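As stored in run.txt (compact mmCIF, C-alpha atoms and all ligand atoms):
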# COMPACT_ATOMS: atom_id res chain seq x y z
CA MET A 113 9.69 -9.36 -22.14
CA ALA A 114 9.04 -5.74 -22.91
CA ARG A 115 9.79 -3.22 -20.25
CA PHE A 116 7.54 -0.23 -20.15
CA PRO A 117 8.77 3.23 -19.25
CA ILE A 118 7.65 4.54 -15.89
CA GLU A 119 7.13 8.28 -15.57
CA ARG A 120 7.59 9.94 -12.21
CA ASN A 121 5.40 13.01 -12.32
CA TYR A 122 4.75 13.74 -8.67
CA ILE A 123 1.98 15.99 -7.47
CA SER A 124 2.66 18.70 -4.89
CA HIS A 125 2.30 18.09 -1.18
CA GLY A 126 -1.28 18.49 -0.02
CA ASN A 127 -4.25 16.40 1.09
CA SER A 128 -3.57 13.76 -1.58
CA ARG A 129 0.16 13.63 -0.87
CA PRO A 130 0.87 14.28 2.82
CA GLY A 131 4.57 13.46 2.34
CA ILE A 132 4.62 10.89 5.17
CA LYS A 133 7.17 8.13 4.65
CA VAL A 134 5.86 4.56 4.82
CA PRO A 135 7.66 2.17 7.19
CA LYS A 136 7.46 -0.75 4.75
CA ARG A 137 6.21 -1.72 1.31
CA ARG A 138 4.51 -4.98 2.12
CA PHE A 139 1.81 -5.49 -0.54
CA ILE A 140 0.01 -4.03 -3.54
CA VAL A 141 -3.64 -3.01 -3.80
CA SER A 142 -5.13 -3.10 -7.30
CA HIS A 143 -7.76 -0.52 -8.14
CA ASP A 144 -9.53 0.99 -11.10
CA THR A 145 -10.33 4.66 -11.31
CA GLY A 146 -14.12 4.15 -11.44
CA ASN A 147 -14.12 6.96 -13.99
CA PRO A 148 -14.35 5.57 -17.54
CA GLY A 149 -12.27 7.43 -20.12
CA SER A 150 -10.08 9.26 -17.61
CA THR A 151 -6.41 8.88 -18.56
CA ALA A 152 -3.29 8.52 -16.42
CA ILE A 153 -2.21 12.11 -17.00
CA GLY A 154 -5.81 13.30 -16.59
CA ASN A 155 -5.90 11.69 -13.15
CA ARG A 156 -2.50 13.11 -12.27
CA ASN A 157 -3.71 16.59 -13.12
CA PHE A 158 -6.97 16.07 -11.22
CA PHE A 159 -5.11 15.13 -8.02
CA GLN A 160 -2.63 17.96 -8.47
CA THR A 161 -5.42 20.52 -8.84
CA ASN A 162 -8.06 19.20 -6.45
CA GLN A 163 -5.94 17.45 -3.78
CA PRO A 164 -8.77 15.23 -2.42
CA LYS A 165 -7.91 13.27 0.71
CA SER A 166 -7.82 10.07 -1.29
CA SER A 167 -5.20 9.11 -3.80
CA ALA A 168 -3.05 6.31 -5.17
CA HIS A 169 0.57 6.03 -6.18
CA THR A 170 0.34 5.03 -9.81
CA PHE A 171 -2.10 5.48 -12.71
CA ILE A 172 -1.87 3.31 -15.81
CA ASP A 173 -3.61 3.67 -19.16
CA ASP A 174 -2.95 2.21 -22.60
CA LYS A 175 0.01 4.52 -23.25
CA ARG A 176 1.54 5.58 -19.96
CA ILE A 177 2.49 4.45 -16.47
CA ILE A 178 2.63 7.51 -14.21
CA GLU A 179 3.69 7.47 -10.57
CA ILE A 180 2.08 10.56 -9.03
CA ILE A 181 3.17 9.90 -5.42
CA PRO A 182 6.62 8.47 -4.51
CA LEU A 183 6.29 4.79 -3.61
CA ASP A 184 7.94 5.36 -0.23
CA GLU A 185 5.23 7.83 0.81
CA VAL A 186 1.68 7.37 2.10
CA ALA A 187 -1.23 7.53 -0.34
CA TYR A 188 -4.81 7.28 0.93
CA HIS A 189 -6.29 4.54 -1.23
CA VAL A 190 -8.07 2.27 1.30
CA ARG A 191 -10.15 3.37 4.32
CA TYR A 192 -8.23 3.03 7.58
CA SER A 193 -11.26 1.52 9.34
CA VAL A 194 -11.48 -1.66 7.27
CA PRO A 195 -9.96 -4.64 9.15
CA LYS A 196 -8.98 -6.96 6.30
CA ASP A 197 -5.61 -5.36 5.44
CA ASN A 198 -4.48 -5.66 9.06
CA GLU A 199 -5.77 -9.23 9.29
CA ILE A 200 -3.94 -10.42 6.18
CA TYR A 201 -0.79 -8.29 6.10
CA GLY A 202 -0.47 -6.80 9.58
CA TYR A 203 -0.66 -3.23 8.30
CA ASN A 204 -3.10 -0.63 7.18
CA ALA A 205 -2.93 -0.50 3.39
CA ASN A 206 -2.15 3.20 3.44
CA SER A 207 0.94 2.55 5.56
CA ALA A 208 2.31 -0.43 3.68
CA ALA A 209 0.68 -0.95 0.29
CA ILE A 210 1.31 0.58 -3.10
CA GLY A 211 -1.98 1.63 -4.71
CA VAL A 212 -2.13 1.02 -8.45
CA GLU A 213 -5.01 2.32 -10.56
CA LEU A 214 -6.15 0.95 -13.92
CA CYS A 215 -7.56 3.55 -16.30
CA TYR A 216 -10.21 2.17 -18.66
CA GLY A 217 -13.11 3.02 -20.92
CA GLY A 218 -13.60 5.85 -23.39
CA ASN A 219 -10.72 5.90 -25.87
CA ILE A 220 -8.44 3.75 -23.72
CA ASN A 221 -7.51 0.46 -25.36
CA PHE A 222 -8.27 -2.05 -22.62
CA TRP A 223 -5.71 -4.69 -23.57
CA ASN A 224 -2.84 -2.25 -23.93
CA ALA A 225 -3.70 -0.78 -20.53
CA TYR A 226 -4.13 -4.26 -19.01
CA THR A 227 -0.71 -5.39 -20.29
CA ARG A 228 0.95 -2.37 -18.67
CA PHE A 229 -1.07 -2.88 -15.49
CA THR A 230 -0.07 -6.53 -15.11
CA TRP A 231 3.56 -5.79 -16.03
CA TYR A 232 3.75 -3.03 -13.43
CA HIS A 233 2.49 -5.36 -10.68
CA ALA A 234 5.15 -7.92 -11.68
CA TYR A 235 7.79 -5.20 -11.73
CA LEU A 236 6.83 -4.04 -8.21
CA CYS A 237 7.02 -7.62 -6.91
CA GLN A 238 10.54 -7.89 -8.31
CA LEU A 239 11.54 -4.48 -7.01
CA TYR A 240 10.35 -5.02 -3.43
CA GLY A 241 10.71 -8.78 -3.11
CA LEU A 242 6.96 -9.34 -2.88
CA ASN A 243 5.24 -12.64 -3.58
CA PRO A 244 3.03 -12.17 -6.66
CA LYS A 245 0.74 -14.99 -5.53
CA LYS A 246 0.10 -13.55 -2.05
CA ASP A 247 1.05 -9.92 -1.89
CA ILE A 248 -1.41 -8.48 -4.40
CA THR A 249 -4.98 -7.84 -3.35
CA SER A 250 -7.97 -5.92 -4.64
CA HIS A 251 -9.72 -2.91 -3.21
CA LYS A 252 -12.91 -4.97 -3.26
CA LEU A 253 -11.42 -7.66 -1.05
CA LEU A 254 -10.28 -5.09 1.51
CA ASP A 255 -13.48 -3.01 1.48
CA PRO A 256 -16.21 -5.31 0.15
CA LYS A 257 -19.13 -3.26 1.49
CA ARG A 258 -18.21 -0.17 -0.54
CA LYS A 259 -15.87 -1.15 -3.35
CA ILE A 260 -15.95 -3.34 -6.46
CA ASP A 261 -12.66 -2.35 -8.06
CA PRO A 262 -10.94 -3.53 -10.07
CA LEU A 263 -12.97 -6.74 -10.36
CA GLN A 264 -15.91 -5.35 -12.27
CA VAL A 265 -13.80 -3.69 -14.96
CA LEU A 266 -11.75 -6.88 -15.39
CA LYS A 267 -14.86 -9.06 -15.41
CA ARG A 268 -16.35 -7.09 -18.29
CA GLN A 269 -13.39 -8.34 -20.34
CA GLY A 270 -13.82 -11.89 -19.06
CA ILE A 271 -10.92 -11.69 -16.60
CA SER A 272 -11.31 -12.96 -13.04
CA PHE A 273 -9.02 -11.61 -10.32
CA GLN A 274 -7.41 -15.06 -10.18
CA GLN A 275 -6.69 -14.85 -13.90
CA PHE A 276 -5.20 -11.39 -13.39
CA LEU A 277 -2.89 -12.78 -10.67
CA ALA A 278 -1.90 -15.62 -12.99
CA ASP A 279 -1.07 -13.10 -15.73
CA VAL A 280 1.03 -11.10 -13.26
CA TYR A 281 2.83 -14.27 -12.21
CA ARG A 282 3.63 -15.15 -15.81
CA MET A 283 5.16 -11.72 -16.30
CA TYR A 284 6.98 -11.93 -12.97
CA VAL A 285 8.67 -15.17 -13.99
CA SER A 286 9.69 -13.67 -17.32
CA LEU A 287 11.32 -10.71 -15.53
CA ARG A 288 13.60 -12.88 -13.41
ZN ZN B 1 -10.04 1.51 -5.29
Could you write out this file's structure as structure tokens?
Ligand SMILES: [Zn+2]
Amino acid sequence: MARFPIERNYISHGNSRPGIKVPKRRFIVSHDTGNPGSTAIGNRNFFQTNQPKSSAHTFIDDKRIIEIIPLDEVAYHVRYSVPKDNEIYGYNANSAAIGVELCYGGNINFWNAYTRFTWYHAYLCQLYGLNPKKDITSHKLLDPKRKIDPLQVLKRQGISFQQFLADVYRMYVSLR
């Protein structure tokens, strides 16, 4: 199984990266950027420059995996007010979940990005002892009134979220 390089190119402290340590890494929330054609480094530079009070830890395109916020720090990738994360995992996502963003569209080769995206989820499950069948969820599931990611982008390629989880599991087993 190929291992992909992970770049750690952290943004400065600010609204996007408050620098608060998380008590626990309990689960993963899968996202897409909602911005077709924007690359991993393009997103990194956007958050560095604009520092919006929303963010995610990692951006993945067809060529690069870039962690822009350390995985042991808070990133604001799910609204605090939604109840589902607490119901399922006992934590607010921002306090206990790693937010992973899939870059897509434009010149980004979907399948190369998807392979890195699934591999990275499997890698995180290995790294933190997470269960790949239970400890990965979607932004849509946590915030169904406002969010569709990453299900719509996957669905356009004929991939259900269940299929995505199965692909992650296959990679997870191959990493052991
Ligand atoms: Zn999202």
What's the 9 Å shell around Asn155 of chain A, counting all atoms listed in the file, without same-chain residues fewer than 5 positions away, as number ranges by chain?
A: 145, 150, 160, 171, 215
Give as a list of chain:residue names each residue that has an atom at most 12 Å from (-16.0, -4.4, 2.0) in the file, counting only C-alpha atoms.
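I get A:Val190, A:Arg191, A:Ser193, A:Val194, A:Pro195, A:Lys196, A:Asp197, A:Ser250, A:His251, A:Lys252, A:Leu253, A:Leu254, A:Asp255, A:Pro256, A:Lys257, A:Arg258, A:Lys259, A:Ile260, A:Asp261 for the residues within 12 Å of that point.
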What lies within 6 Å of segment 129-132 of chain A using only C-alpha atoms, ignoring chain neighbours under 4 positions off, as a list in words?
His125, Glu185 and Val186 of chain A
Rank A:Glu213, A:Asp247, A:Asp184, A:Glu179 by their smallest atom-to-atom distance to Tyr201 of chain A, using only C-alpha atoms, and report the top residue only.
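Closest residue, counting only C-alpha atoms: A:Asp247.
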From the options A:Leu214, A:Leu183, A:Ile118, A:Cys237, which residue's atoms come nearest to ligand ZN 1 (chain B), counting only C-alpha atoms and all ligand atoms?
A:Leu214
Of the listed residues A:Tyr216, A:Tyr203, A:Tyr192, A:Phe159, that which approaches Phe229 of chain A most closely, counting all atoms listed in the file:
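Among the listed residues, A:Tyr216 lies closest to Phe229 of chain A.
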Measuring atom to atom with only C-alpha atoms and all ligand atoms, identify which of A:Ser128, A:Asn157, A:Ser166, A:Gln274 is nearest to ligand ZN 1 (chain B).
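Selected residue with least distance to ligand ZN 1 (chain B): A:Ser166.
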Taking (-1.6, 0.5, -0.2) as a centre in this file's frame and 9 Å as the limit, can you find every polymer residue with an atom that close, using all atoms listed in the file, and give them as a PyMOL selection string?
chain A and resi 137-142+168-169+186-190+204-212
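Among the candidates A:Asn224, A:Asn162, A:Thr249, A:Asn243, the residue lying nearest to ligand ZN 1 (chain B) is A:Thr249 (atoms considered: only C-alpha atoms and all ligand atoms).
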So which one's closest to Thr151 of chain A, A:Phe222, A:Trp231, A:Phe273, A:Tyr281? Using all atoms listed in the file, please.
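Smallest distance to Thr151 of chain A is found for A:Phe222.
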What lies within 10 Å of Pro148 of chain A using all atoms listed in the file, ignoring chain neighbours under 6 positions off, as a count of residues only?
7
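If you look at atom CA of Ile153 of chain A and atom CA of Leu277 of chain A, they are 25.7 Å away from each other.
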Atomic distance atom CA of Ala234 of chain A - atom CA of Met283 of chain A, expressed in Å with one decimal
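Result for atom CA of Ala234 of chain A versus atom CA of Met283 of chain A: 6.0 Å, one decimal.
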Just how far from atom CA of His143 of chain A is atom CA of Glu199 of chain A, in Å to one decimal?
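Straight-line distance from atom CA of Glu199 of chain A to atom CA of His143 of chain A works out to 19.6 Å.
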Shell of 12 Å around Ala278 of chain A, all atoms listed in the file, local chain residues under 2 positions omitted, as a list of chain:residue names
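The contact residues come out as A:Thr230, A:Trp231, A:His233, A:Ala234, A:Pro244, A:Lys245, A:Lys246, A:Ile248, A:Ile271, A:Ser272, A:Phe273, A:Gln274, A:Gln275, A:Phe276, A:Val280, A:Tyr281, A:Arg282, A:Met283, A:Tyr284, A:Val285.
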Start from the incomplete input, build N, CA and C atoms for segment 200-215 of chain A, and deliver everything as a short mmCIF file (atom, residue, chain, number, x, y, z; two decimals), in the coordinates of the input.
data_model
loop_
_atom_site.label_atom_id
_atom_site.label_comp_id
_atom_site.auth_asym_id
_atom_site.auth_seq_id
_atom_site.Cartn_x
_atom_site.Cartn_y
_atom_site.Cartn_z
N ILE A 200 -4.74 -9.63 7.14
CA ILE A 200 -3.94 -10.42 6.18
C ILE A 200 -2.46 -10.04 6.24
N TYR A 201 -2.18 -8.74 6.28
CA TYR A 201 -0.79 -8.29 6.10
C TYR A 201 -0.18 -7.67 7.36
N GLY A 202 -1.01 -7.40 8.37
CA GLY A 202 -0.47 -6.80 9.58
C GLY A 202 -0.26 -5.30 9.51
N TYR A 203 -0.80 -4.69 8.47
CA TYR A 203 -0.66 -3.23 8.30
C TYR A 203 -1.93 -2.64 7.71
N ASN A 204 -2.15 -1.37 7.98
CA ASN A 204 -3.10 -0.63 7.18
C ASN A 204 -2.54 -0.46 5.78
N ALA A 205 -3.40 -0.61 4.78
CA ALA A 205 -2.93 -0.50 3.39
C ALA A 205 -2.22 0.83 3.15
N ASN A 206 -2.75 1.89 3.71
CA ASN A 206 -2.15 3.20 3.44
C ASN A 206 -0.73 3.32 3.98
N SER A 207 -0.40 2.48 4.95
CA SER A 207 0.94 2.55 5.56
C SER A 207 1.91 1.54 4.96
N ALA A 208 1.42 0.63 4.13
CA ALA A 208 2.31 -0.43 3.68
C ALA A 208 2.03 -0.96 2.27
N ALA A 209 1.01 -0.42 1.61
CA ALA A 209 0.68 -0.95 0.29
C ALA A 209 0.82 0.12 -0.78
N ILE A 210 1.27 -0.30 -1.93
CA ILE A 210 1.31 0.58 -3.10
C ILE A 210 -0.05 0.47 -3.79
N GLY A 211 -0.67 1.59 -4.04
CA GLY A 211 -1.98 1.63 -4.71
C GLY A 211 -1.80 1.88 -6.19
N VAL A 212 -2.31 0.95 -6.99
CA VAL A 212 -2.13 1.02 -8.45
C VAL A 212 -3.50 1.08 -9.11
N GLU A 213 -3.71 2.08 -9.94
CA GLU A 213 -5.01 2.32 -10.56
C GLU A 213 -4.98 2.02 -12.06
N LEU A 214 -5.96 1.23 -12.49
CA LEU A 214 -6.15 0.95 -13.92
C LEU A 214 -7.13 1.97 -14.50
N CYS A 215 -6.69 2.65 -15.55
CA CYS A 215 -7.56 3.55 -16.30
C CYS A 215 -8.21 2.75 -17.43
#
